[in-house]
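J.: Take a look at the following structure, please.
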Amino acid sequence: MKLRTFEGESVQGELTREYPVSRDGFPVLLVTDEPFSPDEAEFFLEAATQEELELLKEGGYEIPKWEA
């Protein structure tokens with residue numbers, strides 16, 4: 001998925017359940033191989049598949065859409 005930082009920088013994100021900080025199998029957001037909890041994920045969502053949107057919701061992430 002494509003994300004933007006608060007500074008507007010484009011970054012690539014991915015969701016995985018295969019990470020040590022994944023609690024009880026919940027998806028964890030990785031950006032440049034660094035995990036972010038729902039409270040730490042300070043990004044805007046630029047593009048994501050339906051599956052990625054569902055995983056974000058399941059993981060408790062509320063990432064606002066990027067408004068260009």
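Residues in the structure tokens are numbered from 1 in each chain, the chains being A, B, ... in the order shown, and ligands are numbered from 1 in the order shown.
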What's around stretch 1-8 of chain A at 6 Å? Count only C-alpha atoms, leave out sequence neighbours fewer than 2 positions away in its own chain, and write the answer as a PDB file with all heavy atoms, in the first residue's frame.
T.:
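This is the output file out_31.pdb:
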```
ATOM      1  N   SER A  10       6.231  10.084   0.195  1.00  0.00           N
ATOM      2  CA  SER A  10       5.605   8.817  -0.163  1.00  0.00           C
ATOM      3  C   SER A  10       6.426   7.657   0.402  1.00  0.00           C
ATOM      4  O   SER A  10       7.649   7.624   0.248  1.00  0.00           O
ATOM      5  CB  SER A  10       5.514   8.697  -1.683  1.00  0.00           C
ATOM      6  OG  SER A  10       4.865   7.507  -2.035  1.00  0.00           O
ATOM      7  N   VAL A  11       5.749   6.720   1.062  1.00  0.00           N
ATOM      8  CA  VAL A  11       6.404   5.536   1.622  1.00  0.00           C
ATOM      9  C   VAL A  11       5.548   4.314   1.320  1.00  0.00           C
ATOM     10  O   VAL A  11       4.338   4.419   1.124  1.00  0.00           O
ATOM     11  CB  VAL A  11       6.648   5.657   3.142  1.00  0.00           C
ATOM     12  CG1 VAL A  11       7.661   6.726   3.463  1.00  0.00           C
ATOM     13  CG2 VAL A  11       5.359   5.898   3.895  1.00  0.00           C
ATOM     14  N   GLN A  12       6.196   3.166   1.298  1.00  0.00           N
ATOM     15  CA  GLN A  12       5.509   1.907   1.042  1.00  0.00           C
ATOM     16  C   GLN A  12       5.239   1.221   2.376  1.00  0.00           C
ATOM     17  O   GLN A  12       6.122   1.128   3.220  1.00  0.00           O
ATOM     18  CB  GLN A  12       6.379   1.019   0.148  1.00  0.00           C
ATOM     19  CG  GLN A  12       5.681  -0.175  -0.426  1.00  0.00           C
ATOM     20  CD  GLN A  12       4.624   0.201  -1.453  1.00  0.00           C
ATOM     21  OE1 GLN A  12       4.741   1.196  -2.143  1.00  0.00           O
ATOM     22  NE2 GLN A  12       3.583  -0.581  -1.531  1.00  0.00           N
ATOM     23  N   GLY A  13       4.020   0.747   2.555  1.00  0.00           N
ATOM     24  CA  GLY A  13       3.665   0.033   3.773  1.00  0.00           C
ATOM     25  C   GLY A  13       3.143  -1.350   3.445  1.00  0.00           C
ATOM     26  O   GLY A  13       2.679  -1.609   2.341  1.00  0.00           O
ATOM     27  N   PHE A  43       0.426   8.372   9.517  1.00  0.00           N
ATOM     28  CA  PHE A  43       0.525   8.391   8.064  1.00  0.00           C
ATOM     29  C   PHE A  43      -0.828   8.755   7.474  1.00  0.00           C
ATOM     30  O   PHE A  43      -1.855   8.704   8.152  1.00  0.00           O
ATOM     31  CB  PHE A  43       0.928   7.004   7.521  1.00  0.00           C
ATOM     32  CG  PHE A  43       2.244   6.516   8.021  1.00  0.00           C
ATOM     33  CD1 PHE A  43       2.309   5.613   9.064  1.00  0.00           C
ATOM     34  CD2 PHE A  43       3.434   6.952   7.454  1.00  0.00           C
ATOM     35  CE1 PHE A  43       3.523   5.149   9.536  1.00  0.00           C
ATOM     36  CE2 PHE A  43       4.659   6.494   7.916  1.00  0.00           C
ATOM     37  CZ  PHE A  43       4.694   5.596   8.963  1.00  0.00           C
ATOM     38  N   PHE A  44      -0.794   9.076   6.196  1.00  0.00           N
ATOM     39  CA  PHE A  44      -2.003   9.211   5.401  1.00  0.00           C
ATOM     40  C   PHE A  44      -2.029   8.048   4.423  1.00  0.00           C
ATOM     41  O   PHE A  44      -0.986   7.604   3.952  1.00  0.00           O
ATOM     42  CB  PHE A  44      -2.018  10.527   4.609  1.00  0.00           C
ATOM     43  CG  PHE A  44      -2.143  11.745   5.469  1.00  0.00           C
ATOM     44  CD1 PHE A  44      -1.039  12.537   5.726  1.00  0.00           C
ATOM     45  CD2 PHE A  44      -3.367  12.107   6.013  1.00  0.00           C
ATOM     46  CE1 PHE A  44      -1.140  13.671   6.511  1.00  0.00           C
ATOM     47  CE2 PHE A  44      -3.480  13.241   6.801  1.00  0.00           C
ATOM     48  CZ  PHE A  44      -2.374  14.023   7.055  1.00  0.00           C
ATOM     49  N   LEU A  45      -3.205   7.569   4.082  1.00  0.00           N
ATOM     50  CA  LEU A  45      -3.375   6.471   3.151  1.00  0.00           C
ATOM     51  C   LEU A  45      -3.580   7.016   1.741  1.00  0.00           C
ATOM     52  O   LEU A  45      -4.524   7.758   1.491  1.00  0.00           O
ATOM     53  CB  LEU A  45      -4.573   5.625   3.569  1.00  0.00           C
ATOM     54  CG  LEU A  45      -4.852   4.381   2.763  1.00  0.00           C
ATOM     55  CD1 LEU A  45      -3.693   3.406   2.851  1.00  0.00           C
ATOM     56  CD2 LEU A  45      -6.125   3.726   3.265  1.00  0.00           C
ATOM     57  N   GLU A  46      -2.656   6.678   0.841  1.00  0.00           N
ATOM     58  CA  GLU A  46      -2.761   7.140  -0.542  1.00  0.00           C
ATOM     59  C   GLU A  46      -3.434   6.093  -1.427  1.00  0.00           C
ATOM     60  O   GLU A  46      -4.274   6.428  -2.254  1.00  0.00           O
ATOM     61  CB  GLU A  46      -1.378   7.487  -1.096  1.00  0.00           C
ATOM     62  CG  GLU A  46      -1.438   8.087  -2.474  1.00  0.00           C
ATOM     63  CD  GLU A  46      -0.094   8.596  -2.949  1.00  0.00           C
ATOM     64  OE1 GLU A  46       0.910   8.530  -2.209  1.00  0.00           O
ATOM     65  OE2 GLU A  46      -0.036   9.064  -4.090  1.00  0.00           O
ATOM     66  N   ALA A  47      -3.058   4.824  -1.276  1.00  0.00           N
ATOM     67  CA  ALA A  47      -3.644   3.757  -2.083  1.00  0.00           C
ATOM     68  C   ALA A  47      -3.528   2.436  -1.337  1.00  0.00           C
ATOM     69  O   ALA A  47      -2.494   2.149  -0.723  1.00  0.00           O
ATOM     70  CB  ALA A  47      -2.937   3.651  -3.428  1.00  0.00           C
ATOM     71  N   ALA A  48      -4.610   1.637  -1.400  1.00  0.00           N
ATOM     72  CA  ALA A  48      -4.616   0.325  -0.754  1.00  0.00           C
ATOM     73  C   ALA A  48      -5.656  -0.556  -1.434  1.00  0.00           C
ATOM     74  O   ALA A  48      -6.656  -0.061  -1.953  1.00  0.00           O
ATOM     75  CB  ALA A  48      -4.933   0.462   0.732  1.00  0.00           C
TER      76      ALA A  48
END
```
J.: Neighbours of A:Leu56 within 12 Å (only C-alpha atoms; same-chain residues fewer than 4 positions away dropped), as a VMD selection string?
T.: chain A and resid 1 13 to 17 26 to 30 36 to 38 41 45 48 to 52 60 to 64
J.: Once DSSP has gone over the backbone, tell me which residues of chain A are in strand (DSSP E or B), as a list in words.
T.: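 Those in chain A that DSSP calls strand (DSSP E or B) are Lys2, Leu3, Arg4, Thr5, Ser10, Val11, Gln12, Gly13, Glu14, Leu15, Thr16, Val28, Leu29, Leu30, Val31, Glu34, Pro35, Phe36, Phe43, Phe44, Leu45, Glu46, Ala47 and Lys65 of chain A.
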J.: Would you please extract all helix (DSSP H, G or I) residues from chain A, as assigned by DSSP on the backbone, and give them as a ChimeraX atom specification?
T.: /A:50-59
J.: For a test of reading the model, state the distance in Å between atom CA of A:Gly25 and atom CA of A:Leu53, rounded to one decimal.
T.: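 One can read the atom CA of A:Gly25 to atom CA of A:Leu53 distance as 16.6 Å.
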J.: Which residues are near A:Asp24? Cut-off 12 Å, only C-alpha atoms, ignore same chain within fewer than 6 positions. Put them as a ChimeraX atom specification.
T.: /A:17-18,58-59
